[in-house]
Every structure is written in structure tokens, then in C-alpha cells.
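Asker: Right, I'll just put the structure down here and ask away after.
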Amino acid sequence: VALSTTQVPSISIDALNKLFSTNGEYESFQAEDFNKLTTRQIASLNDFDLVTESQIKQMTVGQTSALTVNQVGSMTTEQLNWMTAANLKTLSTKQISALTYGSSGASHLENISVNQIAELENTQVSKLSEDQVGALSGTQIAAFTSTQVGYLNSKAVNSIDTASDGAFSRLDVTGVQSTQLNRLGESQIRALTTNQIAALSGNQFKVLTTSQINDLDSDQINNISASAIVELTTRQISNIDAAQIPGVLVTQLDLLQDSQIRALTKEQLQALTADNTESPGSQANQLNELSSATLQALTTRQISHLTWGEGGGANNQIGNMSEGTIKALTGEQIRALSTDQIKAFSGSQLNAIASEDLKYLTKVQVQALSIDDGEGVTQLTAAT
């Protein structure tokens, strides 16, 4: 028979703890009576880990709020999972911090359901420790909403497993805040999947440090969205590892603003492919596939850095420059070519120089041409 609302609160604390000294007695105390206990009575229960499923589910928000840190810490993982969404939300930040993880005990956080994670308040999420978050699986990490992700502290974000099939790859990065992003370590940056990279906004990319940009591999760079590419700072652009340049998509290069193009370093420019038949994984003939606007944004100093002949090695940029690319160069860019670069042009390449640009060639450049250039030399000599 259920006790009345006046009988339950009148039970003394000592009597309650004697009554609940065994699991059997807990089970005999009806759930509808359990939720009549006062907050003082609830907070005084010694063996809270013996409370049954039906009793947990009958608890009021007020009773849940009254649980002590020790009681919360003593709960079994099953008890935590029995909590209603309303009760879970009412846990204070101190109670949340009492939830165990990993090898420290009952491992509440390893067993919290995805539905419960989604129900956590932002203030509760903000108090999760790095050890607690680090104990979560990929499925659990994926349960955090983008808003909740933004409330995780930076150390907690860095504690997420970055193994190849780890939890970090399941994180909704659209919610990651700037203070979280620029504190990501090398392992976290390299653990970002191509889908996660593609999901990052321009504003998010702008806060990445130059070291973090340098940690990106070619596949990751390939997946930076168009809206994010144009937001990269000139400092970030100039810190992309030259070894990554051959893998950059031409469509991405053509998205660069003039100021970004001019930030490309000598090493980066010389890494642009002009003939990558022997370089698997590289983008074929990046130089020849650039738009006229992108080419013409290169400074004369940058043009002078393009590789040629023996100096170009396997990536002979001048020798493999298409006629269309040569025609796109401005007169000032033509004048900036060194005598070695000019000498690396074939007759057909020389003939590709736009007629209105011939006047920009200096006498020193013309004199550097080889007689083997045939009709190209004839044309240039007559025009200069």
C-alpha cells in the first residue's frame, strides 16, 4: 500500500537509511512513495547506487537537484541512463563534474546515451572535463549538436580521440569556436577529415595559426571550400608548405584574390606543376591551367622565380609553359623574364608572345636567344 504524502516526509533520516540498507528493501519501497521524499531525505540516502529503475524514473526535478556530489558519483551507469531528460538537464555543473569516466570507476560518461548527450544544457557541456570528454566514443561525440560543441572547453576538444577511426572525426566542426580552433594541436588538425575541412567556414579558417595551416596535408587543402579559400590571410597563404602546392586544385588557385596570389613565396611558385607526368597525386599542369586573371596577378618578381631548363629539373615551368599561358602574360611580366628563362623558350613559345608585348623585350633578352629558336628569333629580331 502506498504511503501518504504526509507519512513519507515524516520518516526520519536514520529510519530511511536502515530501511534502505539492502537492495531488497529499496525494491519494496514503491516508486510513487519514493518521489514523495523531501530533498533533505534524498540528500541523506547513503546507498544511492541501490535505487531502482522505477524509483529513478519517478524522481522529481527538485529531488535530482538535491543529490549530493557523492551520490551522483556513486550512481551506476544504468541509473544515469534511467534519468529522464528533465532530470538530466537539472544536474548542476558540480554534479556533472562528479560523473566518472574511463578507468576511474563506473564510467558514466562512457555509457551515457546519445539522446542524453543531446539533452545536456550548454552550461553543463561547458563544465565537462577533458578526461570526461576524452572517454566518449565517436558515436557519443557525434551526438553533440553544433551549439553544444561550441561550449566544450578547448582542453576538452583537444582530448577527443584522434586515431584514424577515432571520435574526433565525428565532431560537428561547424560549431567549433575560434578560441577552440586556434588551440587545436597538430594531431587534431591532421585528424580532420576532408568532410570536416569542407564544412569549416571562412571565418573559422581565418583564425587558424600559420603552424596549423602548415599541418594540413594536400587532401585537406583540396577540400577547403570556395568561401573559405578567399578568407585565408596572406600570412596563412605564404605559410602553406611548398610540398603541398602540387596537390592544390587549379580551381582553388583561381579563387585567390590578387593580394593572396602576391603572397605566394618563391618556393610555393616553383612548386606549381608544369608537367607532372611522373608525380602521382599532383594536379597536372597547374601553371598552364591557371586563368589569365590569376597569371596576370603574379608580380614581376614572382615571374622571375619560375623554373627553367636544368634549373627547373623535373618541373620545368618555363619549358612546359603553353602558348596560351604565354599569351596571357603581360608586357611587364615578359620583361621580368631572365635571360636564362628567355633562352628556355622554344621558337613556338617565342612566337606565342602577344605582338603588343614584344616591345617590352629588352635588347639583352633578345641577344640571349639562341639561333636554334628559328622563326621565333626572326620574328622577335624584326619586332625589337
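In the C-alpha cells, chains take letters A, B, ... by order of appearance, with residues numbered from 1 within each chain and ligands from 1 in the order shown.
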Among the residues of range 88-291 of chain A, find those DSSP assigns to helix (DSSP H, G or I) from the backbone and print them as a count of residues only.
Answerer: 117
Asker: What is the CA of Ile353 in chain A to CA of Leu337 in chain A distance in Å?
Answerer: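 For CA of Ile353 in chain A relative to CA of Leu337 in chain A, the distance reads 12.3 Å.
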Asker: Which residues are near range 47-58 of chain A? Cut-off 10 Å, only C-alpha atoms, ignore same chain within fewer than 3 positions. Put them as number ranges by chain.
Answerer: A: 17, 20-36, 42-44, 61, 63-64, 67, 70-84, 87
Asker: Of the candidates A:Ala297, A:Ile96, A:Ala191, A:Val248, which one gets nearest to Gln212 in chain A if we count only C-alpha atoms?
Answerer: A:Ala191
Asker: For Ile237 in chain A, find every residue with an atom within 9 Å (counting only C-alpha atoms), except residues of its own chain fewer than 2 positions away, and show them as a ChimeraX atom specification.
Answerer: /A:210,213,232-235,239-240,260-261,263-265
Asker: Mind pulling up the distance from CA of Gln244 in chain A to CA of Ser338 in chain A?
Answerer: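 Spanning CA of Ser338 in chain A to CA of Gln244 in chain A is a straight-line distance of 26.8 Å.
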Asker: A:Val230, A:Met59, A:Leu128, A:Ala328: which is nearest Ala354 in chain A, counting only C-alpha atoms?
Answerer: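 Nearest to Ala354 in chain A: A:Ala328.
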Asker: Have a look at CA of Gln270 in chain A and CA of Leu192 in chain A and let me know their distance in Å, one decimal.
Answerer: 27.9 Å
Asker: Show which residues sit within 6 Å of range 272-274 of chain A, as a PyMOL selection string. Count only C-alpha atoms, and ignore same-chain residues fewer than 4 positions away.
Answerer: chain A and resi 246+285-287+315+317+320
Asker: Would you save the residues of that selection, restricted to C-alpha atoms, as a short mmCIF file (atom, residue, chain, number, x, y, z; two decimals), in the first residue's frame?
Answerer:
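So part.cif came out as:
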data_model
loop_
_atom_site.label_atom_id
_atom_site.label_comp_id
_atom_site.auth_asym_id
_atom_site.auth_seq_id
_atom_site.Cartn_x
_atom_site.Cartn_y
_atom_site.Cartn_z
CA PRO A 246 51.35 20.36 -56.29
CA ASN A 285 49.99 21.42 -65.30
CA GLN A 286 48.73 23.82 -62.68
CA LEU A 287 50.63 26.69 -64.30
CA ASN A 315 59.26 20.62 -63.06
CA GLN A 317 57.88 25.59 -65.66
CA ASN A 320 56.49 23.49 -70.38
#
Asker: If you count only C-alpha atoms, which residues fall within 10 Å of Gln148 in chain A, apart from same-chain ones fewer than 2 positions away, as a PyMOL selection string?
Answerer: chain A and resi 117-126+143-146+150-152+172+175-176
Asker: Which residues are near Thr139 in chain A? Cut-off 12 Å, only C-alpha atoms, ignore same chain within fewer than 4 positions. Put them as number ranges by chain.
Answerer: A: 110-115, 117-118, 135, 143-144, 161, 165-172
Asker: Using N, CA, C and O atoms, can you write the selected residues to a file as a short mmCIF file (atom, residue, chain, number, x, y, z; two decimals), in the first residue's frame?
Answerer:
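Saved to selection10.cif:
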data_model
loop_
_atom_site.label_atom_id
_atom_site.label_comp_id
_atom_site.auth_asym_id
_atom_site.auth_seq_id
_atom_site.Cartn_x
_atom_site.Cartn_y
_atom_site.Cartn_z
N GLU A 110 31.22 7.00 -20.42
CA GLU A 110 31.38 6.04 -21.50
C GLU A 110 30.05 5.40 -21.87
O GLU A 110 29.89 4.86 -22.96
N ASN A 111 29.08 5.46 -20.95
CA ASN A 111 27.81 4.78 -21.17
C ASN A 111 26.62 5.71 -21.29
O ASN A 111 25.49 5.25 -21.48
N ILE A 112 26.86 7.02 -21.25
CA ILE A 112 25.75 7.94 -21.40
C ILE A 112 25.19 7.81 -22.82
O ILE A 112 25.93 7.65 -23.78
N SER A 113 23.88 7.83 -22.93
CA SER A 113 23.26 7.61 -24.24
C SER A 113 23.37 8.85 -25.13
O SER A 113 23.52 9.97 -24.63
N VAL A 114 23.26 8.64 -26.44
CA VAL A 114 23.35 9.76 -27.37
C VAL A 114 22.17 10.73 -27.17
O VAL A 114 22.31 11.94 -27.34
N ASN A 115 21.02 10.18 -26.80
CA ASN A 115 19.86 11.04 -26.55
C ASN A 115 20.09 11.94 -25.33
O ASN A 115 19.68 13.10 -25.31
N ILE A 117 23.04 12.94 -24.25
CA ILE A 117 24.05 13.94 -24.61
C ILE A 117 23.37 15.13 -25.30
O ILE A 117 23.65 16.29 -25.00
N ALA A 118 22.48 14.83 -26.22
CA ALA A 118 21.78 15.88 -26.95
C ALA A 118 20.90 16.74 -26.05
O ALA A 118 20.57 17.88 -26.39
N ALA A 135 36.80 10.33 -22.77
CA ALA A 135 36.29 8.97 -22.60
C ALA A 135 35.15 8.64 -23.54
O ALA A 135 34.73 7.49 -23.65
N ALA A 143 26.91 12.95 -31.23
CA ALA A 143 25.61 13.33 -30.68
C ALA A 143 25.56 14.77 -30.21
O ALA A 143 24.48 15.35 -30.04
N PHE A 144 26.72 15.38 -29.99
CA PHE A 144 26.75 16.79 -29.58
C PHE A 144 26.26 17.65 -30.75
O PHE A 144 26.70 17.49 -31.88
N ASP A 161 39.62 11.62 -29.00
CA ASP A 161 40.47 10.63 -29.67
C ASP A 161 40.69 10.99 -31.14
O ASP A 161 39.74 11.20 -31.89
N ASP A 165 40.28 6.13 -36.85
CA ASP A 165 38.84 5.86 -36.80
C ASP A 165 38.27 6.38 -35.48
O ASP A 165 37.29 5.87 -34.95
N GLY A 166 38.93 7.41 -34.95
CA GLY A 166 38.58 7.92 -33.63
C GLY A 166 37.39 8.86 -33.60
O GLY A 166 36.76 9.16 -34.63
N ALA A 167 37.12 9.35 -32.40
CA ALA A 167 35.95 10.18 -32.16
C ALA A 167 36.07 11.57 -32.80
O ALA A 167 35.07 12.17 -33.16
N PHE A 168 37.30 12.06 -32.95
CA PHE A 168 37.48 13.43 -33.45
C PHE A 168 36.88 13.59 -34.85
O PHE A 168 36.36 14.65 -35.18
N SER A 169 36.94 12.54 -35.63
CA SER A 169 36.41 12.60 -36.99
C SER A 169 34.88 12.70 -37.02
O SER A 169 34.29 12.97 -38.06
N ARG A 170 34.24 12.49 -35.85
CA ARG A 170 32.78 12.55 -35.77
C ARG A 170 32.30 13.90 -35.20
O ARG A 170 31.10 14.12 -35.09
N LEU A 171 33.23 14.77 -34.87
CA LEU A 171 32.88 16.05 -34.26
C LEU A 171 32.24 16.99 -35.29
O LEU A 171 32.71 17.12 -36.42
N ASP A 172 31.14 17.64 -34.90
CA ASP A 172 30.49 18.62 -35.77
C ASP A 172 31.28 19.93 -35.69
O ASP A 172 31.08 20.75 -34.81
#
